[in-house]
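Below is entry-v8.txt, which holds compact mmCIF, C-alpha atoms and all ligand atoms.
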```txt
# COMPACT_ATOMS: atom_id res chain seq x y z
CA MET N 1 -19.30 -90.04 -21.83
CA THR N 2 -21.16 -87.55 -19.65
CA GLU N 3 -20.89 -83.99 -20.89
CA SER N 4 -21.20 -80.80 -18.92
CA GLU N 5 -24.36 -78.72 -19.35
CA ASP N 6 -22.20 -76.03 -21.03
CA ILE N 7 -21.09 -78.43 -23.75
CA ALA N 8 -24.64 -79.77 -24.19
CA GLU N 9 -25.81 -76.15 -24.56
CA ILE N 10 -23.16 -75.53 -27.27
CA ARG N 11 -24.38 -78.62 -29.14
CA ARG N 12 -28.00 -77.44 -29.03
CA ALA N 13 -27.07 -73.93 -30.19
CA VAL N 14 -25.03 -75.24 -33.15
CA GLN N 15 -27.83 -77.66 -34.09
CA ALA N 16 -30.37 -74.80 -34.03
CA LEU N 17 -28.18 -72.66 -36.31
CA CYS N 18 -27.49 -75.54 -38.71
CA ALA N 19 -31.21 -76.32 -38.97
CA GLU N 20 -31.51 -73.02 -40.87
CA PHE N 21 -29.20 -74.47 -43.56
CA PRO N 22 -30.84 -77.70 -44.77
CA GLY N 23 -29.71 -80.11 -47.51
CA ASP N 24 -31.10 -78.08 -50.42
CA TYR N 25 -28.94 -75.08 -49.39
CA TRP N 26 -25.79 -77.24 -49.53
CA ARG N 27 -26.88 -79.02 -52.73
CA GLU N 28 -27.23 -75.70 -54.53
CA LYS N 29 -23.83 -74.44 -53.31
CA ASP N 30 -22.27 -77.77 -54.28
CA ARG N 31 -23.78 -77.69 -57.78
CA ASP N 32 -22.48 -74.14 -58.37
CA ARG N 33 -19.23 -74.65 -56.43
CA ALA N 34 -20.28 -71.49 -54.58
CA TYR N 35 -18.94 -70.35 -51.21
CA PRO N 36 -21.56 -70.78 -48.44
CA GLY N 37 -21.13 -67.17 -47.31
CA GLU N 38 -24.54 -66.98 -45.58
CA PHE N 39 -23.66 -69.98 -43.41
CA VAL N 40 -20.22 -68.62 -42.53
CA ASP N 41 -21.78 -65.23 -41.69
CA ALA N 42 -24.33 -66.92 -39.43
CA LEU N 43 -21.57 -68.87 -37.62
CA THR N 44 -19.61 -65.62 -37.21
CA ARG N 45 -22.63 -63.63 -35.92
CA ALA N 46 -23.37 -66.38 -33.40
CA GLY N 47 -19.76 -66.14 -32.17
CA PHE N 48 -18.87 -69.75 -32.95
CA LEU N 49 -15.84 -68.89 -35.09
CA ALA N 50 -14.50 -66.71 -32.26
CA ALA N 51 -14.84 -69.54 -29.74
CA LEU N 52 -11.08 -69.74 -29.11
CA ILE N 53 -10.44 -65.98 -28.95
CA PRO N 54 -9.99 -64.81 -25.34
CA GLU N 55 -12.86 -62.77 -23.89
CA GLU N 56 -10.65 -59.67 -23.55
CA PHE N 57 -10.47 -59.56 -27.37
CA GLY N 58 -14.21 -60.11 -27.91
CA GLY N 59 -14.28 -63.93 -28.23
CA SER N 60 -15.76 -66.48 -25.89
CA GLY N 61 -12.45 -67.85 -24.58
CA LEU N 62 -13.45 -71.48 -24.89
CA LYS N 63 -11.02 -74.41 -24.84
CA LEU N 64 -10.13 -76.51 -27.88
CA ASP N 65 -12.34 -79.33 -26.57
CA ALA N 66 -15.39 -77.03 -26.83
CA ALA N 67 -14.30 -75.78 -30.28
CA ALA N 68 -14.07 -79.43 -31.38
CA VAL N 69 -17.69 -79.94 -30.29
CA ILE N 70 -18.77 -76.97 -32.45
CA MET N 71 -17.07 -78.42 -35.54
CA GLU N 72 -18.40 -81.91 -34.83
CA GLU N 73 -22.00 -80.67 -34.55
CA ILE N 74 -21.74 -78.70 -37.81
CA GLN N 75 -20.82 -81.90 -39.65
CA ALA N 76 -23.27 -84.10 -37.74
CA SER N 77 -26.03 -81.68 -38.83
CA GLY N 78 -25.21 -82.26 -42.51
CA CYS N 79 -23.51 -78.89 -43.01
CA ASN N 80 -19.95 -78.37 -44.25
CA GLY N 81 -17.58 -76.73 -41.77
CA ALA N 82 -14.73 -76.83 -44.30
CA SER N 83 -15.98 -73.43 -45.40
CA ALA N 84 -14.88 -71.92 -42.11
CA HIS N 85 -12.82 -74.37 -40.02
CA ALA N 86 -9.46 -72.73 -40.69
CA GLN N 87 -10.43 -69.67 -38.66
CA MET N 88 -10.38 -71.90 -35.58
CA TYR N 89 -7.17 -73.77 -36.19
CA ILE N 90 -5.13 -70.89 -37.62
CA MET N 91 -6.13 -68.94 -34.54
CA ASN N 92 -4.03 -71.19 -32.33
CA THR N 93 -0.75 -70.08 -33.90
CA LEU N 94 -1.65 -66.43 -33.41
CA LEU N 95 -2.83 -67.09 -29.86
CA ARG N 96 0.21 -69.11 -28.81
CA TYR N 97 2.98 -67.24 -30.63
CA GLY N 98 1.64 -63.83 -31.73
CA SER N 99 2.91 -60.71 -29.94
CA ALA N 100 0.65 -58.64 -27.68
CA GLU N 101 0.50 -55.97 -30.46
CA GLN N 102 -0.50 -58.52 -33.11
CA LYS N 103 -3.23 -59.95 -30.90
CA ALA N 104 -4.56 -56.46 -30.13
CA GLN N 105 -4.40 -55.53 -33.83
CA TYR N 106 -6.19 -58.56 -35.25
CA LEU N 107 -8.18 -60.52 -32.68
CA PRO N 108 -11.01 -58.02 -32.00
CA GLY N 109 -11.67 -57.65 -35.75
CA ILE N 110 -11.65 -61.42 -36.24
CA ALA N 111 -13.98 -61.90 -33.27
CA SER N 112 -16.46 -59.33 -34.61
CA GLY N 113 -16.36 -60.77 -38.13
CA GLU N 114 -14.86 -57.62 -39.64
CA LEU N 115 -11.69 -59.58 -40.51
CA ARG N 116 -11.66 -63.13 -41.89
CA LEU N 117 -8.70 -65.39 -41.05
CA GLN N 118 -9.44 -68.39 -43.26
CA ALA N 119 -6.34 -69.00 -45.42
CA PHE N 120 -3.41 -71.20 -44.45
CA GLY N 121 -0.52 -71.26 -46.96
CA VAL N 122 1.73 -74.25 -46.34
CA SER N 123 1.44 -76.77 -49.21
CA GLU N 124 3.42 -76.23 -52.39
CA PRO N 125 3.19 -78.00 -55.76
CA THR N 126 6.76 -79.32 -55.89
CA SER N 127 7.55 -80.15 -52.23
CA GLY N 128 4.18 -81.79 -51.40
CA THR N 129 4.20 -83.47 -48.02
CA ASP N 130 7.90 -82.70 -47.60
CA THR N 131 7.19 -79.29 -46.01
CA LEU N 132 10.83 -78.65 -45.13
CA SER N 133 11.67 -78.52 -48.87
CA LEU N 134 9.22 -75.72 -49.58
CA ARG N 135 10.51 -73.05 -51.97
CA THR N 136 8.57 -69.89 -51.16
CA VAL N 137 11.05 -67.36 -49.80
CA ALA N 138 10.70 -64.23 -47.68
CA VAL N 139 13.77 -61.94 -47.83
CA ARG N 140 14.22 -59.11 -45.35
CA ASP N 141 14.59 -55.70 -47.04
CA GLY N 142 14.63 -52.75 -44.59
CA ASP N 143 11.28 -52.64 -42.80
CA ASP N 144 9.73 -55.17 -45.19
CA TYR N 145 9.94 -58.78 -46.26
CA VAL N 146 9.76 -59.52 -50.00
CA ILE N 147 7.97 -62.76 -50.83
CA ASN N 148 8.37 -64.89 -53.95
CA GLY N 149 7.01 -68.35 -54.65
CA GLN N 150 3.82 -70.35 -54.99
CA LYS N 151 1.39 -72.21 -52.76
CA ILE N 152 -1.20 -74.77 -53.78
CA TRP N 153 -4.44 -75.91 -52.16
CA THR N 154 -4.70 -72.65 -50.24
CA SER N 155 -8.35 -73.10 -49.42
CA ARG N 156 -10.72 -70.14 -48.93
CA ALA N 157 -8.03 -67.62 -50.05
CA GLU N 158 -10.70 -65.77 -52.07
CA TYR N 159 -12.86 -65.45 -48.96
CA SER N 160 -10.26 -64.43 -46.43
CA ASP N 161 -8.68 -61.11 -45.46
CA LEU N 162 -5.64 -62.66 -43.76
CA MET N 163 -3.39 -65.59 -44.60
CA LEU N 164 -1.04 -67.45 -42.29
CA LEU N 165 1.96 -68.12 -44.53
CA LEU N 166 4.96 -70.41 -44.07
CA ALA N 167 8.04 -69.30 -46.03
CA ARG N 168 11.79 -69.85 -45.96
CA THR N 169 13.80 -66.95 -44.51
CA THR N 170 17.22 -68.65 -44.41
CA PRO N 171 18.39 -70.92 -47.25
CA ARG N 172 18.34 -74.59 -46.31
CA ASP N 173 22.12 -75.03 -46.76
CA GLN N 174 22.78 -72.22 -44.23
CA VAL N 175 20.91 -73.70 -41.24
CA GLN N 176 22.18 -76.28 -38.77
CA SER N 177 18.97 -78.25 -38.53
CA LYS N 178 16.62 -78.61 -41.49
CA THR N 179 13.68 -77.59 -39.27
CA GLU N 180 15.21 -74.11 -38.86
CA GLY N 181 15.06 -71.18 -41.29
CA LEU N 182 11.29 -71.23 -41.91
CA SER N 183 9.13 -68.38 -40.64
CA ILE N 184 5.45 -67.68 -40.18
CA PHE N 185 3.78 -64.48 -41.41
CA LEU N 186 0.30 -63.08 -41.04
CA VAL N 187 -0.28 -61.59 -44.50
CA ASP N 188 -2.94 -58.94 -45.03
CA MET N 189 -4.32 -60.14 -48.35
CA ARG N 190 -6.46 -57.04 -48.88
CA ALA N 191 -3.32 -54.94 -49.35
CA ALA N 192 -1.48 -57.70 -51.22
CA LEU N 193 -4.03 -58.64 -53.91
CA GLY N 194 -2.94 -57.17 -57.21
CA ASN N 195 0.35 -55.96 -55.66
CA GLY N 196 2.30 -59.20 -55.91
CA LEU N 197 -0.38 -61.68 -54.81
CA THR N 198 -2.49 -63.57 -57.35
CA ILE N 199 -5.15 -66.20 -56.53
CA LYS N 200 -6.34 -68.85 -59.00
CA PRO N 201 -9.26 -71.16 -58.05
CA ILE N 202 -8.97 -74.97 -58.44
CA ARG N 203 -12.18 -76.91 -59.13
CA THR N 204 -12.29 -80.13 -57.10
CA MET N 205 -14.61 -83.15 -56.66
CA MET N 206 -16.37 -81.38 -53.80
CA ASN N 207 -17.18 -77.76 -52.98
CA HIS N 208 -14.04 -76.62 -51.14
CA SER N 209 -13.09 -73.16 -52.52
CA THR N 210 -9.46 -74.17 -52.84
CA THR N 211 -6.88 -72.19 -54.85
CA GLU N 212 -3.34 -71.72 -56.11
CA VAL N 213 -1.61 -68.62 -54.80
CA PHE N 214 1.32 -66.86 -56.50
CA PHE N 215 3.73 -64.42 -54.81
CA ASP N 216 5.68 -62.17 -57.13
CA ASP N 217 7.83 -59.65 -55.21
CA LEU N 218 5.06 -59.18 -52.66
CA ARG N 219 6.17 -56.66 -50.01
CA ILE N 220 4.78 -57.08 -46.51
CA PRO N 221 5.75 -55.13 -43.39
CA ALA N 222 8.31 -56.85 -41.13
CA SER N 223 5.72 -56.60 -38.34
CA SER N 224 3.80 -59.42 -40.13
CA LEU N 225 6.34 -61.93 -38.76
CA ILE N 226 4.91 -64.11 -35.99
CA GLY N 227 7.32 -64.99 -33.19
CA GLU N 228 11.02 -65.30 -33.97
CA GLU N 229 12.41 -65.49 -37.50
CA GLY N 230 13.49 -69.03 -38.39
CA LYS N 231 11.34 -70.77 -35.77
CA GLY N 232 8.18 -71.00 -37.90
CA PHE N 233 8.25 -74.76 -38.39
CA ARG N 234 8.11 -75.36 -34.64
CA TYR N 235 5.19 -72.93 -34.31
CA ILE N 236 3.33 -74.49 -37.19
CA LEU N 237 3.70 -78.01 -35.78
CA SER N 238 1.97 -76.94 -32.59
CA GLY N 239 -0.77 -75.24 -34.64
CA MET N 240 -1.09 -78.40 -36.71
CA ASN N 241 -1.96 -80.40 -33.61
CA ALA N 242 -4.95 -78.11 -33.09
CA GLU N 243 -5.81 -78.44 -36.79
CA ARG N 244 -5.69 -82.25 -36.63
CA ILE N 245 -7.87 -82.36 -33.51
CA LEU N 246 -10.49 -80.05 -35.03
CA ILE N 247 -10.53 -81.90 -38.36
CA ALA N 248 -10.80 -85.20 -36.46
CA ALA N 249 -13.82 -83.78 -34.60
CA GLU N 250 -15.37 -82.91 -37.97
CA CYS N 251 -14.79 -86.50 -39.12
CA VAL N 252 -16.54 -87.78 -35.98
CA GLY N 253 -19.46 -85.47 -36.84
CA ASP N 254 -19.54 -86.79 -40.42
CA ALA N 255 -19.49 -90.38 -39.15
CA LYS N 256 -22.42 -89.59 -36.84
CA TRP N 257 -24.35 -88.08 -39.78
CA PHE N 258 -23.74 -91.17 -41.98
CA ILE N 259 -24.63 -93.58 -39.15
CA THR N 260 -27.89 -91.76 -38.31
CA LYS N 261 -28.82 -91.45 -41.98
CA ALA N 262 -28.13 -95.17 -42.62
CA THR N 263 -29.94 -96.30 -39.45
CA ASP N 264 -33.06 -94.26 -40.27
CA TYR N 265 -33.10 -95.51 -43.84
CA ALA N 266 -32.55 -99.15 -42.79
CA LYS N 267 -35.56 -98.92 -40.45
CA ASP N 268 -37.73 -97.29 -43.08
CA ARG N 269 -36.89 -99.05 -46.34
CA SER N 270 -38.83 -102.27 -46.81
CA VAL N 271 -37.71 -104.96 -49.28
CA PHE N 272 -38.89 -108.60 -49.28
CA ALA N 273 -41.74 -107.38 -47.04
CA ARG N 274 -39.46 -106.40 -44.13
CA PRO N 275 -37.19 -103.49 -43.22
CA ILE N 276 -33.73 -103.93 -44.73
CA GLY N 277 -32.34 -103.14 -41.24
CA GLN N 278 -33.76 -106.45 -39.99
CA ASN N 279 -31.05 -108.24 -41.98
CA GLN N 280 -27.82 -108.65 -40.07
CA GLY N 281 -25.96 -108.14 -43.36
CA VAL N 282 -27.25 -104.56 -43.20
CA GLN N 283 -27.14 -104.11 -39.39
CA PHE N 284 -23.58 -105.25 -38.78
CA PRO N 285 -21.78 -102.71 -41.00
CA ILE N 286 -23.75 -99.91 -39.29
CA ALA N 287 -22.92 -101.28 -35.83
CA ARG N 288 -19.23 -101.64 -36.76
CA CYS N 289 -19.10 -98.02 -37.94
CA TYR N 290 -20.73 -96.91 -34.71
CA ALA N 291 -18.04 -98.67 -32.65
CA GLN N 292 -15.27 -97.20 -34.84
CA MET N 293 -16.76 -93.71 -34.50
CA ARG N 294 -17.04 -93.95 -30.70
CA ALA N 295 -13.41 -95.07 -30.36
CA ALA N 296 -12.28 -92.14 -32.54
CA GLU N 297 -14.48 -89.75 -30.55
CA LEU N 298 -12.76 -90.74 -27.29
CA MET N 299 -9.33 -90.14 -28.82
CA VAL N 300 -10.40 -86.72 -30.16
CA HIS N 301 -11.53 -85.55 -26.72
CA HIS N 302 -8.43 -87.01 -25.06
CA ALA N 303 -6.15 -85.19 -27.55
CA ALA N 304 -8.07 -81.92 -27.06
CA GLN N 305 -7.78 -82.21 -23.30
CA VAL N 306 -4.00 -82.75 -23.49
CA TYR N 307 -3.79 -79.68 -25.76
CA ASP N 308 -5.97 -77.63 -23.39
CA GLN N 309 -3.67 -78.51 -20.48
CA GLY N 310 -0.82 -76.84 -22.39
CA GLY N 311 0.73 -80.10 -23.55
CA ASN N 312 2.07 -81.04 -26.95
CA PRO N 313 -0.24 -83.88 -28.04
CA GLY N 314 1.61 -84.88 -31.24
CA GLU N 315 0.87 -88.56 -30.69
CA GLU N 316 -2.74 -88.09 -29.59
CA ALA N 317 -3.64 -85.50 -32.27
CA ASN N 318 -2.22 -87.69 -35.02
CA MET N 319 -4.01 -90.79 -33.74
CA ALA N 320 -7.28 -88.84 -33.40
CA LYS N 321 -7.00 -87.65 -37.01
CA LEU N 322 -6.09 -91.14 -38.27
CA LEU N 323 -8.89 -92.95 -36.42
CA ALA N 324 -11.56 -90.32 -37.09
CA SER N 325 -10.83 -89.92 -40.82
CA GLU N 326 -10.93 -93.69 -41.25
CA ALA N 327 -14.14 -93.94 -39.21
CA SER N 328 -15.87 -91.24 -41.29
CA TRP N 329 -14.75 -92.75 -44.59
CA ALA N 330 -15.90 -96.24 -43.50
CA ALA N 331 -19.24 -94.75 -42.44
CA ALA N 332 -19.55 -92.88 -45.76
CA ASP N 333 -19.04 -96.10 -47.72
CA MET N 334 -21.44 -98.01 -45.45
CA CYS N 335 -24.09 -95.28 -45.85
CA VAL N 336 -23.99 -95.49 -49.66
CA GLN N 337 -24.23 -99.30 -49.46
CA THR N 338 -27.17 -99.14 -47.04
CA HIS N 339 -29.04 -96.77 -49.37
CA GLY N 340 -28.48 -98.95 -52.44
CA GLY N 341 -29.23 -96.93 -55.59
CA PHE N 342 -30.61 -93.99 -53.61
CA GLY N 343 -27.13 -93.44 -52.14
CA PHE N 344 -26.21 -92.02 -55.54
CA ALA N 345 -29.17 -89.65 -55.85
CA GLU N 346 -28.34 -86.00 -55.10
CA GLU N 347 -31.51 -85.36 -53.09
CA TYR N 348 -30.45 -87.75 -50.30
CA ASP N 349 -27.25 -85.75 -49.63
CA VAL N 350 -25.37 -89.03 -49.10
CA GLU N 351 -23.32 -88.72 -52.30
CA ARG N 352 -22.38 -85.10 -51.45
CA LYS N 353 -21.27 -85.96 -47.93
CA PHE N 354 -19.45 -89.04 -49.35
CA ARG N 355 -17.41 -86.79 -51.66
CA GLU N 356 -16.74 -84.30 -48.87
CA ALA N 357 -15.65 -87.01 -46.40
CA ARG N 358 -13.15 -88.50 -48.86
CA LEU N 359 -10.73 -85.62 -48.34
CA TYR N 360 -9.73 -86.30 -44.78
CA THR N 361 -7.53 -89.38 -45.16
CA VAL N 362 -5.45 -87.20 -47.54
CA ALA N 363 -5.58 -83.67 -46.05
CA PRO N 364 -4.48 -81.86 -44.00
CA ILE N 365 -2.08 -84.78 -43.54
CA SER N 366 -2.27 -88.14 -45.25
CA THR N 367 -2.68 -91.43 -43.40
CA ASN N 368 0.77 -92.66 -44.47
CA LEU N 369 2.46 -89.65 -42.93
CA ILE N 370 0.63 -90.18 -39.63
CA LEU N 371 1.63 -93.84 -39.58
CA SER N 372 5.18 -92.79 -40.29
CA TYR N 373 5.08 -90.30 -37.36
CA LEU N 374 3.78 -92.98 -34.98
CA ALA N 375 6.31 -95.56 -36.21
CA GLU N 376 9.31 -93.25 -35.88
CA HIS N 377 8.50 -90.79 -33.10
CA VAL N 378 6.37 -92.97 -30.82
CA LEU N 379 7.65 -96.51 -31.46
CA GLY N 380 11.27 -95.58 -32.19
CA LEU N 381 11.47 -97.43 -35.52
CA PRO N 382 14.20 -96.30 -37.96
CA ARG N 383 13.53 -93.16 -40.03
CA SER N 384 12.39 -93.88 -43.55
CA TYR N 385 12.85 -90.39 -45.03
C1 LIG X 401 -9.19 -79.95 -51.10
C2 LIG X 401 -7.88 -79.70 -50.45
C3 LIG X 401 -7.74 -78.64 -49.57
C4 LIG X 401 -6.50 -78.36 -48.99
N1 LIG X 401 -6.35 -77.23 -48.21
C5 LIG X 401 -5.09 -76.85 -47.84
C6 LIG X 401 -4.88 -75.58 -47.22
O1 LIG X 401 -5.82 -74.80 -46.96
N2 LIG X 401 -3.59 -75.22 -46.92
C7 LIG X 401 -2.51 -76.03 -47.20
O2 LIG X 401 -1.39 -75.66 -46.92
N3 LIG X 401 -2.70 -77.25 -47.78
C8 LIG X 401 -3.95 -77.67 -48.11
N4 LIG X 401 -4.14 -78.90 -48.74
C9 LIG X 401 -2.97 -79.72 -49.06
C10 LIG X 401 -2.91 -81.03 -48.29
O3 LIG X 401 -2.50 -80.79 -46.98
C11 LIG X 401 -1.99 -81.98 -49.07
O4 LIG X 401 -2.65 -82.32 -50.29
C12 LIG X 401 -1.65 -83.22 -48.31
O5 LIG X 401 -0.87 -82.90 -47.17
C13 LIG X 401 -0.90 -84.22 -49.17
O6 LIG X 401 0.18 -83.59 -49.82
P1 LIG X 401 0.37 -83.73 -51.41
O7 LIG X 401 -0.96 -83.50 -52.04
O8 LIG X 401 1.46 -82.85 -51.84
O9 LIG X 401 0.74 -85.24 -51.62
P2 LIG X 401 2.20 -85.85 -51.87
O10 LIG X 401 3.16 -85.35 -50.85
O11 LIG X 401 2.55 -85.69 -53.29
O12 LIG X 401 1.90 -87.37 -51.55
C14 LIG X 401 1.13 -88.22 -52.44
C15 LIG X 401 0.89 -89.56 -51.76
O13 LIG X 401 2.13 -90.18 -51.46
C16 LIG X 401 2.21 -90.50 -50.08
N5 LIG X 401 3.60 -90.30 -49.61
C17 LIG X 401 4.44 -89.26 -49.87
N6 LIG X 401 5.62 -89.44 -49.25
C18 LIG X 401 5.54 -90.62 -48.58
C19 LIG X 401 6.43 -91.36 -47.74
N7 LIG X 401 7.65 -90.91 -47.46
N8 LIG X 401 5.99 -92.53 -47.23
C20 LIG X 401 4.74 -92.99 -47.50
N9 LIG X 401 3.87 -92.34 -48.28
C21 LIG X 401 4.24 -91.16 -48.81
C22 LIG X 401 1.26 -89.56 -49.38
O14 LIG X 401 0.78 -90.14 -48.19
C23 LIG X 401 0.16 -89.39 -50.41
O15 LIG X 401 -0.80 -90.42 -50.27
C24 LIG X 401 -5.39 -79.22 -49.28
C25 LIG X 401 -5.55 -80.32 -50.12
C26 LIG X 401 -6.76 -80.55 -50.72
C27 LIG X 401 -6.88 -81.71 -51.69
```
Is it possible to express this structure as structure tokens?
Amino acid sequence: MTESEDIAEIRRAVQALCAEFPGDYWREKDRDRAYPGEFVDALTRAGFLAALIPEEFGGSGLKLDAAAVIMEEIQASGCNGASAHAQMYIMNTLLRYGSAEQKAQYLPGIASGELRLQAFGVSEPTSGTDTLSLRTVAVRDGDDYVINGQKIWTSRAEYSDLMLLLARTTPRDQVQSKTEGLSIFLVDMRAALGNGLTIKPIRTMMNHSTTEVFFDDLRIPASSLIGEEGKGFRYILSGMNAERILIAAECVGDAKWFITKATDYAKDRSVFARPIGQNQGVQFPIARCYAQMRAAELMVHHAAQVYDQGGNPGEEANMAKLLASEASWAAADMCVQTHGGFGFAEEYDVERKFREARLYTVAPISTNLILSYLAEHVLGLPRSY
């Protein structure tokens, strides 16, 4: 794949920034489960998190394909873009479906770093993957909506000023199609905290700043609604394609990190008086992971290009996410195996990246659900649920 000089320049700039945040920075944050605020600030100052914001609002107006390269390089450098990735993929819903007033109100502040858009409230404890059964409701009352319900796994909610929220505005038994009656809101969490919004952190196996969020008669202005009431599920699906493509790019970056780390170690580590990498039993798993990663990388760029041309790459985005998350997880496992006992030692960063990479065959959508989408919507097999 030959890249343009612009893309190569983006890669070099991200690498230079990430070099300021080496393994010991991430190890310390991981140990304390602390938010890597300095890293996110540096990404913001450099303009990377405003990559998708049009130039007229203070961003760089790049395409999704370029944004994917930014996220890939962050991961390939050993850093953890999960601390900031939502700003890029949430942005797409605001860009595609937000009104001119909403864009003018929020985008310049997000581009300058004054406003953080890092929280995405979709998942709920009872409905799980079955998004259409979600229970959080938003009821219109004069010039406001009143929100009641609960979200789970709302990552970065403590470190965000705005949340993109999916809630039901028409009861499920009053809509013709079950995909109708859900709406999207841009919630200003600064005004909401303590006035009907409560955030409770969840400690997980890796450092992810994820939370539970409770809405108890939270009043938000009706102007927080994005697009038309009741059409939120359609909007969110389009935004989810961008999310899947960006997460897939991160997985490609992780796979590259694991492959480089394993290759370097296999050349360097000598056992039985020769480098372990001279044994085909060690070489072949690395080579297989490389081939898997390259195939996933091609699908990620293809999906991003379809998206950038204004298309709806449901099939391509899902396949990119499936292939890339499996490639990164295979590479993570291979990297631990190649390192033997040292794969478990904190100072090599392999075990940290291994824990971080495990997430992506589960979230933001699990492998089974992608297979189900391909089986039903692409291959025309009978619906299973
Ligand atoms: C660290 C972390 C961060 C997250 N961040 C966010 C966030 O910021 N915002 C947000 O909204 N969500 C977030 N999520 C939620 C994430 O998107 C969900 O966990 C994920 O979509 C899976 O949903 P679930 O956990 O409810 O699993 P469930 O729906 O309970 O599913 C459990 C298992 O059963 C399988 N399964 C379920 N139904 C079927 C079926 N019909 N056929 C075959 N298999 C099936 C699933 O594939 C899965 O493996 C996060 C999750 C984690 C762990």
Figure out the distance between atom CA of N:Phe258 and atom CA of N:Phe21, please, to one decimal in Å.
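Between these atoms lies a distance of 17.6 Å.
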Using all atoms listed in the file, which residues sit within 12 Å of N:Glu9 once same-chain residues fewer than 5 positions away are excluded, as a JSON list (two decimals) with C-alpha atoms, in the coordinates of the input?
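Writing the result to result_23.json gives the following:
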```
[["chain", "number", "residue", "atom", "x", "y", "z"],
["N", 3, "GLU", "CA", -20.89, -83.99, -20.89],
["N", 4, "SER", "CA", -21.20, -80.80, -18.92],
["N", 14, "VAL", "CA", -25.03, -75.24, -33.15],
["N", 15, "GLN", "CA", -27.83, -77.66, -34.09],
["N", 16, "ALA", "CA", -30.37, -74.80, -34.03],
["N", 66, "ALA", "CA", -15.39, -77.03, -26.83],
["N", 69, "VAL", "CA", -17.69, -79.94, -30.29],
["N", 70, "ILE", "CA", -18.77, -76.97, -32.45],
["N", 73, "GLU", "CA", -22.00, -80.67, -34.55]]
```
Would you mind listing what lies within 9 Å of N:Pro54 as an NGL selection string, with all atoms listed in the file counted and same-chain residues fewer than 5 positions away left out?
:N and (59-62 or 95 or 107)
File of the preceding selection, C-alpha atoms, as a PDB file, keeping the file's coordinate frame:
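Printed below is part13.pdb as written:
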```pdb
ATOM      1  CA  GLY N  59     -14.280 -63.930 -28.230  1.00  0.00           C
ATOM      2  CA  SER N  60     -15.760 -66.480 -25.890  1.00  0.00           C
ATOM      3  CA  GLY N  61     -12.450 -67.850 -24.580  1.00  0.00           C
ATOM      4  CA  LEU N  62     -13.450 -71.480 -24.890  1.00  0.00           C
ATOM      5  CA  LEU N  95      -2.830 -67.090 -29.860  1.00  0.00           C
ATOM      6  CA  LEU N 107      -8.180 -60.520 -32.680  1.00  0.00           C
TER       7      LEU N 107
END
```
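Every residue having at least one atom no farther than 6 Å from ligand LIG 401 (chain X) is included below, with all atoms listed in the file taken into account: Phe120, Gly121, Val122, Ser123, Gly128, Thr129, Trp153, Thr154, Ser155, His208, Thr210, Val362, Ala363, Pro364, Ile365, Ser366, Asn368, Leu369 and Tyr385 of chain N.
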Pairwise distance for atom CA of N:Gln150 and atom CA of N:Leu115, rounded to one decimal in Å:
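According to the coordinates, atom CA of N:Gln150 and atom CA of N:Leu115 are separated by 23.8 Å.
One finds atom CA of N:Ser177 at 24.5 Å from atom CA of N:Ala242.
Candidate residues N:Tyr290, N:Tyr307, N:Phe342, N:Phe39 were compared for distance to N:Glu20, and the nearest is N:Phe39, using all atoms listed in the file.
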Which residue gives the smallest distance to N:Asp130 among N:Val40, N:Gly239, N:Thr211, N:Thr179, with all atoms listed in the file counted?
N:Thr179
Test item: residues at most 12 Å from N:Asp24, all atoms listed in the file, excluding those fewer than 3 positions along its chain, as a ChimeraX atom specification
/N:19-21,27-31,78-79,346-349,352
Could you build a table of the residues in stretch 30-127 of chain N lying no more than 7 Å from stretch 217-232 of chain N, giving for each the nearest pair of atoms and their separation in Å rounded to one decimal place, using only C-alpha atoms, ordered by chain and ascending residue number, as JSON lines?
```
{"residue": "N:Tyr97", "atom": "CA", "partner": "N:Gly227", "partner_atom": "CA", "distance": 5.5}
{"residue": "N:Gly98", "atom": "CA", "partner": "N:Ile226", "partner_atom": "CA", "distance": 5.4}
{"residue": "N:Ser99", "atom": "CA", "partner": "N:Gly227", "partner_atom": "CA", "distance": 7.0}
```
Which one of N:Glu297, N:Glu212, N:Asp333, N:Asp264 sits closest to N:Glu316 if you count only C-alpha atoms?
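When distances to N:Glu316 are compared using only C-alpha atoms, the smallest one comes from N:Glu297.
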Residues near N:Leu49, anyone? I mean within 7 Å using only C-alpha atoms, not counting same-chain ones fewer than 3 positions away, as a ChimeraX atom specification.
/N:43-44,87-88
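For the set N:Ala332, N:Ile147, N:Leu134, N:Ala119, the residue with the smallest atom-to-atom gap to N:Ala82 is N:Ala119, counting only C-alpha atoms.
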Pop stretch 375-379 of chain N out of the structure in the block and write N, CA and C atoms as a short mmCIF file (atom, residue, chain, number, x, y, z; two decimals), in the first residue's frame.
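Contents of selection.cif, freshly written:
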```
data_model
loop_
_atom_site.label_atom_id
_atom_site.label_comp_id
_atom_site.auth_asym_id
_atom_site.auth_seq_id
_atom_site.Cartn_x
_atom_site.Cartn_y
_atom_site.Cartn_z
N ALA N 375 -24.42 -12.66 8.51
CA ALA N 375 -25.25 -13.80 8.11
C ALA N 375 -26.62 -13.32 7.62
N GLU N 376 -27.22 -12.41 8.38
CA GLU N 376 -28.60 -12.00 8.06
C GLU N 376 -28.67 -10.93 6.98
N HIS N 377 -27.86 -9.86 7.17
CA HIS N 377 -28.03 -8.69 6.29
C HIS N 377 -27.21 -8.77 5.01
N VAL N 378 -26.14 -9.56 5.02
CA VAL N 378 -25.32 -9.65 3.81
C VAL N 378 -25.64 -10.95 3.06
N LEU N 379 -25.75 -12.05 3.81
CA LEU N 379 -25.94 -13.36 3.15
C LEU N 379 -27.41 -13.77 3.05
#
```
